[in-house]
Structures are given as C-alpha cells and as structure tokens.
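Text of query_25.cif, listed as mmCIF, C-alpha atoms, pLDDT in the B column; chains and numbers go by the auth columns:
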```
data_data
#
loop_
_atom_site.group_PDB
_atom_site.id
_atom_site.type_symbol
_atom_site.label_atom_id
_atom_site.label_comp_id
_atom_site.label_asym_id
_atom_site.label_seq_id
_atom_site.Cartn_x
_atom_site.Cartn_y
_atom_site.Cartn_z
_atom_site.B_iso_or_equiv
_atom_site.auth_seq_id
_atom_site.auth_asym_id
ATOM 1 C CA MET A 1 62.612 93.466 187.918 38.00 706 B
ATOM 2 C CA ARG A 2 60.489 96.526 188.615 39.00 707 B
ATOM 3 C CA ARG A 3 57.649 98.173 186.763 41.00 708 B
ATOM 4 C CA ALA A 4 58.523 100.844 184.215 41.00 709 B
ATOM 5 C CA PRO A 5 58.018 104.498 185.211 43.00 710 B
ATOM 6 C CA LEU A 6 55.275 106.366 183.395 38.00 711 B
ATOM 7 C CA PRO A 7 56.370 109.798 182.119 38.00 712 B
ATOM 8 C CA GLU A 8 53.767 112.286 181.007 41.00 713 B
ATOM 9 C CA ARG A 9 53.059 112.662 177.304 39.00 714 B
ATOM 10 C CA GLY A 10 55.451 115.069 175.614 42.00 715 B
ATOM 11 C CA GLN A 11 56.090 116.555 172.212 47.00 716 B
ATOM 12 C CA GLY A 12 59.224 114.709 171.133 59.00 717 B
ATOM 13 C CA ASP A 13 59.625 112.779 167.899 75.00 718 B
ATOM 14 C CA ASP A 14 60.683 109.445 169.375 88.00 719 B
ATOM 15 C CA PHE A 15 58.287 106.494 169.610 93.00 720 B
ATOM 16 C CA TRP A 16 57.464 106.873 173.328 94.00 721 B
ATOM 17 C CA SER A 17 56.759 110.599 173.042 90.00 722 B
ATOM 18 C CA GLN A 18 54.159 110.028 170.334 91.00 723 B
ATOM 19 C CA LEU A 19 52.049 107.717 172.483 94.00 724 B
ATOM 20 C CA ARG A 20 48.960 108.711 174.406 94.00 725 B
ATOM 21 C CA ALA A 21 49.099 108.217 178.174 94.00 726 B
ATOM 22 C CA GLU A 22 46.660 105.308 177.935 95.00 727 B
ATOM 23 C CA TRP A 23 48.893 103.502 175.440 95.00 728 B
ATOM 24 C CA ARG A 24 51.951 104.131 177.574 95.00 729 B
ATOM 25 C CA ASN A 25 50.201 102.729 180.617 95.00 730 B
ATOM 26 C CA ALA A 26 49.233 99.599 178.714 96.00 731 B
ATOM 27 C CA LEU A 27 52.759 98.998 177.400 96.00 732 B
ATOM 28 C CA ALA A 28 54.488 99.741 180.688 95.00 733 B
ATOM 29 C CA GLY A 29 52.028 97.505 182.516 95.00 734 B
ATOM 30 C CA THR A 30 53.072 94.506 180.405 95.00 735 B
ATOM 31 C CA GLY A 31 56.801 95.263 180.267 95.00 736 B
ATOM 32 C CA ARG A 32 59.734 95.104 182.633 95.00 737 B
ATOM 33 C CA ILE A 33 62.733 97.399 183.136 96.00 738 B
ATOM 34 C CA ARG A 34 66.105 95.891 182.285 96.00 739 B
ATOM 35 C CA ALA A 35 69.416 97.451 183.252 97.00 740 B
ATOM 36 C CA CYS A 36 72.046 97.510 180.478 95.00 741 B
ATOM 37 C CA ARG A 37 75.785 98.053 180.626 96.00 742 B
ATOM 38 C CA ALA A 38 77.701 99.948 177.974 94.00 743 B
ATOM 39 C CA GLY A 39 78.517 97.642 175.084 94.00 744 B
ATOM 40 C CA ALA A 40 75.515 95.361 175.589 96.00 745 B
ATOM 41 C CA GLU A 41 73.930 93.908 172.445 95.00 746 B
ATOM 42 C CA LEU A 42 70.196 94.579 172.614 95.00 747 B
ATOM 43 C CA CYS A 43 69.490 92.917 169.256 93.00 748 B
ATOM 44 C CA VAL A 44 71.876 90.688 167.344 94.00 749 B
ATOM 45 C CA GLN A 45 72.016 90.509 163.564 93.00 750 B
ATOM 46 C CA ASP A 46 70.700 87.245 162.068 92.00 751 B
ATOM 47 C CA ARG A 47 69.189 86.166 165.384 92.00 752 B
ATOM 48 C CA ARG A 48 65.593 86.185 166.546 89.00 753 B
ATOM 49 C CA SER A 49 64.404 87.590 169.863 88.00 754 B
ATOM 50 C CA ASP A 50 61.131 87.379 171.733 89.00 755 B
ATOM 51 C CA ALA A 51 60.867 90.974 172.938 93.00 756 B
ATOM 52 C CA VAL A 52 60.483 94.540 171.710 94.00 757 B
ATOM 53 C CA LEU A 53 62.682 97.067 173.512 96.00 758 B
ATOM 54 C CA ILE A 54 61.996 100.727 174.250 97.00 759 B
ATOM 55 C CA LEU A 55 65.091 102.680 175.259 96.00 760 B
ATOM 56 C CA ARG A 56 64.475 104.641 178.458 94.00 761 B
ATOM 57 C CA SER A 57 67.823 106.059 179.596 92.00 762 B
ATOM 58 C CA VAL A 58 70.374 104.577 177.236 92.00 763 B
ATOM 59 C CA HIS A 59 71.894 105.421 173.856 93.00 764 B
ATOM 60 C CA ALA A 60 72.744 102.839 171.218 94.00 765 B
ATOM 61 C CA ARG A 61 74.217 102.508 167.746 91.00 766 B
ATOM 62 C CA VAL A 62 72.773 100.312 164.993 92.00 767 B
ATOM 63 C CA VAL A 63 75.378 98.464 162.932 90.00 768 B
ATOM 64 C CA HIS A 64 75.446 95.890 160.156 88.00 769 B
ATOM 65 C CA ARG A 65 78.279 93.412 160.470 85.00 770 B
ATOM 66 C CA THR A 66 80.077 91.936 157.470 83.00 771 B
ATOM 67 C CA GLY A 67 83.247 89.945 157.019 79.00 772 B
ATOM 68 C CA GLU A 68 85.093 93.243 156.634 76.00 773 B
ATOM 69 C CA GLY A 69 83.801 94.853 159.824 77.00 774 B
ATOM 70 C CA GLU A 70 80.895 97.012 160.986 80.00 775 B
ATOM 71 C CA VAL A 71 78.865 99.474 158.932 82.00 776 B
ATOM 72 C CA TRP A 72 77.154 102.207 160.958 84.00 777 B
ATOM 73 C CA LEU A 73 73.452 102.524 160.122 85.00 778 B
ATOM 74 C CA ALA A 74 71.844 104.763 162.739 86.00 779 B
ATOM 75 C CA HIS A 75 71.747 105.879 166.339 88.00 780 B
ATOM 76 C CA ARG A 76 68.962 105.344 168.845 92.00 781 B
ATOM 77 C CA GLY A 77 68.252 107.206 172.067 91.00 782 B
ATOM 78 C CA PRO A 78 65.778 107.475 174.947 92.00 783 B
ATOM 79 C CA GLY A 79 62.212 106.875 173.765 93.00 784 B
ATOM 80 C CA ASP A 80 63.198 104.961 170.628 94.00 785 B
ATOM 81 C CA ILE A 81 61.922 101.458 169.921 95.00 786 B
ATOM 82 C CA VAL A 82 64.153 98.645 168.644 94.00 787 B
ATOM 83 C CA GLY A 83 63.429 95.103 167.522 90.00 788 B
ATOM 84 C CA GLU A 84 59.961 95.940 166.221 87.00 789 B
ATOM 85 C CA MET A 85 60.592 94.635 162.691 82.00 790 B
ATOM 86 C CA SER A 86 61.093 91.092 163.959 81.00 791 B
ATOM 87 C CA LEU A 87 57.715 91.393 165.632 78.00 792 B
ATOM 88 C CA VAL A 88 56.116 92.276 162.294 76.00 793 B
ATOM 89 C CA ASP A 89 57.670 89.612 160.048 76.00 794 B
ATOM 90 C CA GLY A 90 58.899 87.049 162.556 79.00 795 B
ATOM 91 C CA GLY A 91 62.331 87.054 160.957 84.00 796 B
ATOM 92 C CA PRO A 92 65.785 87.537 162.468 89.00 797 B
ATOM 93 C CA HIS A 93 67.195 90.992 163.100 90.00 798 B
ATOM 94 C CA SER A 94 68.823 92.642 160.098 87.00 799 B
ATOM 95 C CA ALA A 95 71.293 94.581 162.269 91.00 800 B
ATOM 96 C CA THR A 96 72.875 94.629 165.706 94.00 801 B
ATOM 97 C CA VAL A 97 71.971 97.291 168.277 95.00 802 B
ATOM 98 C CA VAL A 98 74.776 98.011 170.769 95.00 803 B
ATOM 99 C CA THR A 99 74.497 100.298 173.797 95.00 804 B
ATOM 100 C CA VAL A 100 76.973 103.149 174.049 93.00 805 B
ATOM 101 C CA ASP A 101 76.363 103.975 177.708 92.00 806 B
ATOM 102 C CA ALA A 102 74.752 102.284 180.695 94.00 807 B
ATOM 103 C CA GLY A 103 71.032 102.735 181.309 94.00 808 B
ATOM 104 C CA ASN A 104 67.615 101.095 181.246 96.00 809 B
ATOM 105 C CA VAL A 105 65.303 99.655 178.601 97.00 810 B
ATOM 106 C CA LEU A 106 61.671 98.613 178.779 97.00 811 B
ATOM 107 C CA ALA A 107 61.350 95.036 177.486 97.00 812 B
ATOM 108 C CA ILE A 108 57.950 93.855 176.243 96.00 813 B
ATOM 109 C CA SER A 109 57.362 90.345 174.921 95.00 814 B
ATOM 110 C CA HIS A 110 56.137 90.033 171.341 93.00 815 B
ATOM 111 C CA GLU A 111 52.878 88.509 172.530 94.00 816 B
ATOM 112 C CA ALA A 112 52.181 91.290 175.037 95.00 817 B
ATOM 113 C CA PHE A 113 53.154 94.037 172.592 95.00 818 B
ATOM 114 C CA ASP A 114 50.932 92.544 169.893 92.00 819 B
ATOM 115 C CA ARG A 115 47.962 92.456 172.285 94.00 820 B
ATOM 116 C CA VAL A 116 48.360 96.151 173.111 95.00 821 B
ATOM 117 C CA VAL A 117 48.712 97.121 169.432 93.00 822 B
ATOM 118 C CA ARG A 118 45.531 95.182 168.595 93.00 823 B
ATOM 119 C CA ARG A 119 43.702 96.980 171.388 94.00 824 B
ATOM 120 C CA TYR A 120 44.685 100.496 170.275 94.00 825 B
ATOM 121 C CA ASP A 121 44.495 101.192 166.530 86.00 826 B
ATOM 122 C CA GLY A 122 46.402 104.456 166.845 91.00 827 B
ATOM 123 C CA LEU A 123 49.454 102.692 168.192 93.00 828 B
ATOM 124 C CA SER A 124 49.951 100.857 164.914 90.00 829 B
ATOM 125 C CA ARG A 125 49.931 104.204 163.083 91.00 830 B
ATOM 126 C CA VAL A 126 52.717 105.461 165.327 93.00 831 B
ATOM 127 C CA LEU A 127 54.731 102.343 164.485 90.00 832 B
ATOM 128 C CA LEU A 128 54.134 103.008 160.797 89.00 833 B
ATOM 129 C CA ARG A 129 55.324 106.618 161.128 89.00 834 B
ATOM 130 C CA VAL A 130 58.480 105.431 162.876 89.00 835 B
ATOM 131 C CA ALA A 131 59.135 102.878 160.119 85.00 836 B
ATOM 132 C CA VAL A 132 58.616 105.452 157.357 85.00 837 B
ATOM 133 C CA GLN A 133 60.907 107.978 159.033 81.00 838 B
ATOM 134 C CA ARG A 134 63.626 105.384 159.384 81.00 839 B
ATOM 135 C CA LEU A 135 63.352 104.529 155.700 78.00 840 B
ATOM 136 C CA ARG A 136 63.704 108.208 154.831 74.00 841 B
ATOM 137 C CA ASP A 137 66.722 108.513 157.116 70.00 842 B
ATOM 138 C CA ALA A 138 68.288 105.498 155.399 70.00 843 B
ATOM 139 C CA ASP A 139 67.708 107.085 151.980 63.00 844 B
ATOM 140 C CA LEU A 140 69.252 110.330 153.203 58.00 845 B
ATOM 141 C CA GLN A 141 72.279 108.526 154.561 60.00 846 B
ATOM 142 C CA ARG A 142 72.883 106.809 151.236 58.00 847 B
ATOM 143 C CA GLY A 143 72.708 110.172 149.480 53.00 848 B
ATOM 144 C CA ILE A 144 75.120 112.146 151.645 50.00 849 B
ATOM 145 C CA GLY A 145 78.151 109.876 151.320 47.00 850 B
ATOM 146 C CA GLU A 146 81.336 111.332 152.789 44.00 851 B
ATOM 147 C CA GLU A 147 79.495 114.256 154.330 50.00 852 B
ATOM 148 C CA ALA A 148 77.652 111.906 156.710 73.00 853 B
ATOM 149 C CA PRO A 149 79.570 112.761 159.953 84.00 854 B
ATOM 150 C CA LEU A 150 78.346 116.369 160.067 89.00 855 B
ATOM 151 C CA THR A 151 74.805 115.378 159.124 87.00 856 B
ATOM 152 C CA ARG A 152 74.774 112.550 161.659 85.00 857 B
ATOM 153 C CA LEU A 153 75.809 114.948 164.401 90.00 858 B
ATOM 154 C CA ALA A 154 73.276 117.580 163.309 91.00 859 B
ATOM 155 C CA ARG A 155 70.470 115.014 163.310 86.00 860 B
ATOM 156 C CA LEU A 156 71.443 113.745 166.756 86.00 861 B
ATOM 157 C CA LEU A 157 71.570 117.270 168.214 89.00 862 B
ATOM 158 C CA ASP A 158 68.292 118.207 166.551 87.00 863 B
ATOM 159 C CA GLN A 159 66.532 115.122 167.899 81.00 864 B
ATOM 160 C CA ASP A 160 67.916 115.734 171.383 81.00 865 B
ATOM 161 C CA ARG A 161 66.798 119.364 171.242 80.00 866 B
ATOM 162 C CA ARG A 162 63.234 118.330 170.372 73.00 867 B
ATOM 163 C CA SER A 163 63.024 115.491 172.885 67.00 868 B
ATOM 164 C CA ASP A 164 60.921 115.382 176.049 55.00 869 B
ATOM 165 C CA ALA A 165 63.901 115.618 178.353 52.00 870 B
ATOM 166 C CA ALA A 166 64.136 118.714 180.546 46.00 871 B
ATOM 167 C CA GLU A 167 67.930 118.435 180.221 52.00 872 B
ATOM 168 C CA PRO A 168 69.861 117.226 177.183 56.00 873 B
ATOM 169 C CA SER A 169 70.090 113.434 177.205 65.00 874 B
ATOM 170 C CA LEU A 170 73.244 113.118 175.088 76.00 875 B
ATOM 171 C CA PRO A 171 76.264 111.279 176.475 75.00 876 B
ATOM 172 C CA ARG A 172 78.673 113.757 178.045 69.00 877 B
ATOM 173 C CA LEU A 173 81.905 112.315 176.641 76.00 878 B
ATOM 174 C CA GLN A 174 83.035 112.966 173.075 84.00 879 B
ATOM 175 C CA ARG A 175 84.183 109.354 172.824 83.00 880 B
ATOM 176 C CA GLU A 176 80.653 108.118 173.616 85.00 881 B
ATOM 177 C CA ILE A 177 79.056 110.501 171.089 87.00 882 B
ATOM 178 C CA ALA A 178 81.547 109.398 168.426 87.00 883 B
ATOM 179 C CA ASP A 179 80.763 105.744 169.162 84.00 884 B
ATOM 180 C CA LEU A 180 77.041 106.453 169.034 84.00 885 B
ATOM 181 C CA LEU A 181 77.375 108.050 165.594 86.00 886 B
ATOM 182 C CA GLY A 182 79.791 105.460 164.228 83.00 887 B
ATOM 183 C CA MET A 183 82.624 107.894 163.554 86.00 888 B
ATOM 184 C CA SER A 184 86.130 108.544 164.810 87.00 889 B
ATOM 185 C CA ARG A 185 86.683 111.111 167.536 88.00 890 B
ATOM 186 C CA ALA A 186 88.644 113.193 165.018 91.00 891 B
ATOM 187 C CA SER A 187 85.622 113.279 162.698 90.00 892 B
ATOM 188 C CA LEU A 188 83.411 114.329 165.604 91.00 893 B
ATOM 189 C CA VAL A 189 85.813 117.116 166.577 91.00 894 B
ATOM 190 C CA ARG A 190 85.773 118.426 162.995 92.00 895 B
ATOM 191 C CA ALA A 191 81.958 118.319 162.874 93.00 896 B
ATOM 192 C CA LEU A 192 81.681 120.145 166.204 93.00 897 B
ATOM 193 C CA HIS A 193 84.157 122.751 164.983 93.00 898 B
ATOM 194 C CA SER A 194 82.121 123.302 161.807 93.00 899 B
ATOM 195 C CA LEU A 195 78.897 123.832 163.768 94.00 900 B
ATOM 196 C CA ARG A 196 80.633 126.179 166.230 93.00 901 B
ATOM 197 C CA ARG A 197 82.256 128.144 163.398 94.00 902 B
ATOM 198 C CA ASP A 198 78.869 128.718 161.780 93.00 903 B
ATOM 199 C CA GLY A 199 77.329 129.859 165.067 94.00 904 B
ATOM 200 C CA ILE A 200 74.924 126.902 165.213 93.00 905 B
ATOM 201 C CA ILE A 201 76.141 125.541 168.566 92.00 906 B
ATOM 202 C CA LYS A 202 78.445 126.338 171.436 90.00 907 B
ATOM 203 C CA THR A 203 80.215 123.811 173.652 88.00 908 B
ATOM 204 C CA GLY A 204 81.577 123.831 177.158 82.00 909 B
ATOM 205 C CA ARG A 205 81.863 121.701 180.313 77.00 910 B
ATOM 206 C CA GLY A 206 80.515 118.579 178.665 75.00 911 B
ATOM 207 C CA ARG A 207 77.477 120.370 177.229 82.00 912 B
ATOM 208 C CA ILE A 208 76.406 121.261 173.705 87.00 913 B
ATOM 209 C CA THR A 209 74.018 124.210 173.420 88.00 914 B
ATOM 210 C CA VAL A 210 72.079 124.865 170.221 90.00 915 B
ATOM 211 C CA LEU A 211 72.178 128.548 169.195 91.00 916 B
ATOM 212 C CA ASP A 212 70.496 128.332 165.775 93.00 917 B
ATOM 213 C CA PRO A 213 67.767 125.637 165.770 91.00 918 B
ATOM 214 C CA ALA A 214 66.631 126.491 162.233 92.00 919 B
ATOM 215 C CA ALA A 215 70.083 126.027 160.709 93.00 920 B
ATOM 216 C CA LEU A 216 70.601 122.831 162.690 92.00 921 B
ATOM 217 C CA GLY A 217 67.264 121.452 161.519 89.00 922 B
ATOM 218 C CA LEU A 218 68.168 122.220 157.901 89.00 923 B
ATOM 219 C CA LEU A 219 71.419 120.292 158.182 88.00 924 B
ATOM 220 C CA ALA A 220 69.648 117.411 159.905 84.00 925 B
ATOM 221 C CA SER A 221 66.951 117.099 157.261 78.00 926 B
ATOM 222 C CA LYS A 222 68.863 117.775 154.050 66.00 927 B
ATOM 223 C CA GLY A 223 72.484 117.021 154.785 54.00 928 B
ATOM 224 C CA ASP A 224 75.485 119.261 154.266 46.00 929 B
ATOM 225 C CA ARG A 225 76.817 119.906 150.779 43.00 930 B
ATOM 226 C CA ARG A 226 79.668 122.224 151.580 42.00 931 B
#
```
Take the structure I supplied and represent it as structure tokens, if you would.
Amino acid sequence: MRRAPLPERGQGDDFWSQLRAEWRNALAGTGRIRACRAGAELCVQDRRSDAVLILRSVHARVVHRTGEGEVWLAHRGPGDIVGEMSLVDGGPHSATVVTVDAGNVLAISHEAFDRVVRRYDGLSRVLLRVAVQRLRDADLQRGIGEEAPLTRLARLLDQDRRSDAAEPSLPRLQREIADLLGMSRASLVRALHSLRRDGIIKTGRGRITVLDPAALGLLASKGDRR
C-alpha cells in the first residue's frame, strides 16, 4: 500500500475539504490508500470494523437492509468520511456503504484516527458539523417522501458543484448515478428532464452542467414541492 496524496485545502463542504493542511497531513500520514472495485462493501450493517474510511476517488451509496430489501439512505462521494460513528460509540454499523464505481479510499485505524483527533481540537468540531448535517439531511429526506428523486439529484449536483474538484467528479454513466442515488434509471431520467426544462442544468456527452446554481441550491436544501 502507498501513502495517501495530500491535496491542498479547498472550499468544499465534504469532510476532507474542511480540514486544515496540518490535519490532513496527520491523517494521511497514519492512513493507507486502498483500491476498491465497484460494488465493494466499505462498511457492513450490524458488523464492527477497525478503521475509518475517507473516500478519495470513489462514490458510494448508503443503504439499510431489511428482510424486504434495501432502503436508500444517502450518497457519499470524494472527500466524505464513512464509518466514523462506530469509532465514537464502538458499536456495529447501522447501515451498509457500497461503492458505485471503482476508486480509492484512505483507511485509518480507529486508534490512529483517535490520536489525531485528540491532538487537534478543531478536527472534532469538523466531525460534529458533518454529523449534524447528516442528521438534517435525514430529516429532510423523511419530509420529502415521493419527491425524493429530484431532491436527491439536486443535492448531489449541488455538492459536486461546490466540491474541490477542478472537474466534476460525478460518475459519467446514468446507470451509476441512479445506483448512487438509490433510484431507477427511469426516475433519474425524469429528474434530469425536470431540471433541464426549468433551465437549471444542461446535459451532453456524459456531462451535467449547472446553469442556475441558486435554483439548484434551493431544491437541494428545501426539496421540491411541485
């Protein structure tokens, strides 16, 4: 395994983007890069793991599995952290995180991650912000019901637009985006059509370009009630 690369601090909203360079150096210095194939389970519901994972170049969906199938909970992308709740309470994972495409993650053992957090007080505040935002997202999801597909897509596009990446980091295939958002391809096509119709995005050659960031951000934060 090789050492993790150290990107410069950016202005994105994901966990990695909110860290100071010194904190990034400390985490990357104790972690290792792992290559993941599409469909790999990074965290498994009801199981414990001994590492925290930071997604570097991979997208994943978070699902809760029941006897009747999978319930989509959220998506995660480059810069996001997963498995951190088990570090806090020592319990098993409450959901399964499955990669949608191939890429890399930075794996940091619980012991090493805990040492870095204890060394830098500000890092724990970033973790708290991430946890609070995820709780708010969960509340929003429960409130939007059947209108979730459009809101899920808007939130994903808005997060990608505000990320550190010089180029969009979204998967290029509609099938992969649909899998990431836990919806059928038909639902994704309808959501894309709605955003194009309203002049919020345009699509072409495997790319999605945001034309109206303000309108997209409104959909992402409040949901769609049309």
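Residue nearest Met790 of chain B, chosen from B:Arg753, B:Arg725, B:Lys907, B:Arg761 and counting all atoms listed in the file: B:Arg753.
Proximity to Val835 of chain B was assessed for B:Gly904, B:Gly736, B:Gly911, B:Gly784 counting all atoms listed in the file; the smallest distance is recorded for B:Gly784.
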Care to translate the PyMOL selection byres ((chain B and resi 855) around 9) into actual residues of this file, as number ranges by chain?
B: 852-854, 856-860, 892-893, 895-897, 899-900, 924-925, 928-929
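By chain and then residue number, the residues within 12 Å of Val749 of chain B are B:Val767, B:Val768, B:His769, B:Arg770, B:Val787, B:Gly788, B:Ser791, B:Pro797, B:His798, B:Ser799, B:Ala800, B:Thr801, B:Val802, B:Val803, B:Thr804, counting only C-alpha atoms and disregarding those fewer than 6 positions away in sequence.
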Using the chain letters and numbers from this file, what does the PyMOL selection byres ((chain B and resi 805) around 8) select? Give the answer as number ranges by chain.
B: 743-744, 763-766, 803-804, 806-807, 881, 884-885
Suppose a student applies the PyMOL selection byres ((chain B and resi 721) around 8) to this structure; what residues should they get, written as an MDAnalysis selection string?
chainID B and resid 719:720 722:724 729 759 784:786
What is the distance, in Å and to one decimal place, between atom CA of Ile738 of chain B and atom CA of Leu840 of chain B?
28.4 Å
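Of the residues under consideration (B:Asp819, B:Asp917, B:Asp865, B:Asp842), B:Asp865 shows the shortest atom-to-atom contact distance to Pro783 of chain B when counting only C-alpha atoms.
Atom CA of Ser889 of chain B lies 22.9 Å from atom CA of Gln750 of chain B.
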Could you put an axis-aligned box around every listed atom of segment 887-904 of chain B, padded by 5 Å on each side, and send me its centre and edge lengths in Å to one decimal, as JSON?
```
{"center_x": 83.0, "center_y": 117.7, "center_z": 164.7, "size_x": 21.3, "size_y": 34.4, "size_z": 15.8}
```
Of the candidates B:Arg820, B:Leu916, B:Leu760, B:Ser814, which shows the shortest atom-to-atom distance to His780 of chain B, using all atoms listed in the file?
B:Leu760
Residue among B:Leu758, B:Leu811, B:Val821, B:Val776 lying closest to Arg739 of chain B, counting all atoms listed in the file
B:Leu811
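Atom CA of Glu816 of chain B is positioned 9.9 Å from atom CA of Thr735 of chain B.
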So that I can check the surroundings of Pro918 of chain B, please list as a compact mmCIF listing (two decimals) with C-alpha atoms, keeping the file's coordinate frame every protein, DNA and RNA residue that reaches within 10 Å of it, counting only C-alpha atoms and ignoring chain neighbours fewer than 5 positions away.
```
# COMPACT_ATOMS: atom_id res chain seq x y z
CA LEU B 862 71.57 117.27 168.21
CA ASP B 863 68.29 118.21 166.55
CA ARG B 866 66.80 119.36 171.24
CA ARG B 867 63.23 118.33 170.37
CA ILE B 905 74.92 126.90 165.21
CA ILE B 906 76.14 125.54 168.57
CA LEU B 923 68.17 122.22 157.90
CA LEU B 924 71.42 120.29 158.18
```
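Of the residues listed (B:Arg824, B:Arg839, B:His815, B:Arg880), B:Arg824 shows the shortest atom-to-atom separation from Ala731 of chain B; distances use only C-alpha atoms.
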Where atoms are missing, can you supply N, CA, C and O atoms for segment 761-780 of chain B and output the lot as a JSON list (two decimals), keeping the file's coordinate frame?
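See out.json below for the written result:
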```json
[["chain", "number", "residue", "atom", "x", "y", "z"],
["B", 761, "ARG", "N", 64.95, 103.66, 177.48],
["B", 761, "ARG", "CA", 64.47, 104.64, 178.46],
["B", 761, "ARG", "C", 65.56, 105.64, 178.83],
["B", 761, "ARG", "O", 65.34, 106.83, 178.84],
["B", 762, "SER", "N", 66.75, 105.15, 179.18],
["B", 762, "SER", "CA", 67.82, 106.06, 179.60],
["B", 762, "SER", "C", 69.16, 105.57, 179.06],
["B", 762, "SER", "O", 70.17, 105.62, 179.76],
["B", 763, "VAL", "N", 69.15, 105.12, 177.83],
["B", 763, "VAL", "CA", 70.37, 104.58, 177.24],
["B", 763, "VAL", "C", 70.45, 105.00, 175.77],
["B", 763, "VAL", "O", 69.42, 105.23, 175.14],
["B", 764, "HIS", "N", 71.65, 105.13, 175.27],
["B", 764, "HIS", "CA", 71.89, 105.42, 173.86],
["B", 764, "HIS", "C", 72.51, 104.20, 173.20],
["B", 764, "HIS", "O", 73.23, 103.42, 173.84],
["B", 765, "ALA", "N", 72.24, 104.02, 171.92],
["B", 765, "ALA", "CA", 72.74, 102.84, 171.22],
["B", 765, "ALA", "C", 73.04, 103.17, 169.77],
["B", 765, "ALA", "O", 72.49, 104.11, 169.21],
["B", 766, "ARG", "N", 73.93, 102.38, 169.17],
["B", 766, "ARG", "CA", 74.22, 102.51, 167.75],
["B", 766, "ARG", "C", 73.72, 101.25, 167.04],
["B", 766, "ARG", "O", 73.76, 100.15, 167.60],
["B", 767, "VAL", "N", 73.26, 101.42, 165.81],
["B", 767, "VAL", "CA", 72.77, 100.31, 164.99],
["B", 767, "VAL", "C", 73.82, 100.03, 163.93],
["B", 767, "VAL", "O", 74.20, 100.94, 163.18],
["B", 768, "VAL", "N", 74.31, 98.80, 163.86],
["B", 768, "VAL", "CA", 75.38, 98.46, 162.93],
["B", 768, "VAL", "C", 75.04, 97.19, 162.17],
["B", 768, "VAL", "O", 74.31, 96.32, 162.66],
["B", 769, "HIS", "N", 75.55, 97.11, 160.94],
["B", 769, "HIS", "CA", 75.45, 95.89, 160.16],
["B", 769, "HIS", "C", 76.84, 95.30, 160.05],
["B", 769, "HIS", "O", 77.79, 95.99, 159.66],
["B", 770, "ARG", "N", 76.97, 94.05, 160.42],
["B", 770, "ARG", "CA", 78.28, 93.41, 160.47],
["B", 770, "ARG", "C", 78.50, 92.55, 159.23],
["B", 770, "ARG", "O", 77.64, 91.77, 158.83],
["B", 771, "THR", "N", 79.68, 92.73, 158.64],
["B", 771, "THR", "CA", 80.08, 91.94, 157.47],
["B", 771, "THR", "C", 81.43, 91.31, 157.78],
["B", 771, "THR", "O", 82.02, 91.54, 158.85],
["B", 772, "GLY", "N", 81.94, 90.55, 156.83],
["B", 772, "GLY", "CA", 83.25, 89.94, 157.02],
["B", 772, "GLY", "C", 84.37, 90.97, 157.09],
["B", 772, "GLY", "O", 85.46, 90.67, 157.57],
["B", 773, "GLU", "N", 84.08, 92.19, 156.64],
["B", 773, "GLU", "CA", 85.09, 93.24, 156.63],
["B", 773, "GLU", "C", 84.96, 94.20, 157.81],
["B", 773, "GLU", "O", 85.74, 95.14, 157.93],
["B", 774, "GLY", "N", 83.96, 93.99, 158.67],
["B", 774, "GLY", "CA", 83.80, 94.85, 159.82],
["B", 774, "GLY", "C", 82.37, 95.33, 159.99],
["B", 774, "GLY", "O", 81.43, 94.69, 159.50],
["B", 775, "GLU", "N", 82.21, 96.46, 160.70],
["B", 775, "GLU", "CA", 80.90, 97.01, 160.99],
["B", 775, "GLU", "C", 80.59, 98.22, 160.11],
["B", 775, "GLU", "O", 81.47, 99.04, 159.85],
["B", 776, "VAL", "N", 79.35, 98.30, 159.67],
["B", 776, "VAL", "CA", 78.86, 99.47, 158.93],
["B", 776, "VAL", "C", 77.84, 100.17, 159.81],
["B", 776, "VAL", "O", 76.84, 99.57, 160.20],
["B", 777, "TRP", "N", 78.09, 101.44, 160.13],
["B", 777, "TRP", "CA", 77.15, 102.21, 160.96],
["B", 777, "TRP", "C", 75.88, 102.51, 160.17],
["B", 777, "TRP", "O", 75.95, 102.95, 159.02],
["B", 778, "LEU", "N", 74.73, 102.26, 160.79],
["B", 778, "LEU", "CA", 73.45, 102.52, 160.12],
["B", 778, "LEU", "C", 72.68, 103.68, 160.75],
["B", 778, "LEU", "O", 72.09, 104.49, 160.04],
["B", 779, "ALA", "N", 72.66, 103.74, 162.08],
["B", 779, "ALA", "CA", 71.84, 104.76, 162.74],
["B", 779, "ALA", "C", 72.18, 104.81, 164.22],
["B", 779, "ALA", "O", 72.90, 103.95, 164.74],
["B", 780, "HIS", "N", 71.66, 105.82, 164.88],
["B", 780, "HIS", "CA", 71.75, 105.88, 166.34],
["B", 780, "HIS", "C", 70.34, 105.83, 166.91],
["B", 780, "HIS", "O", 69.36, 106.21, 166.25]]
```
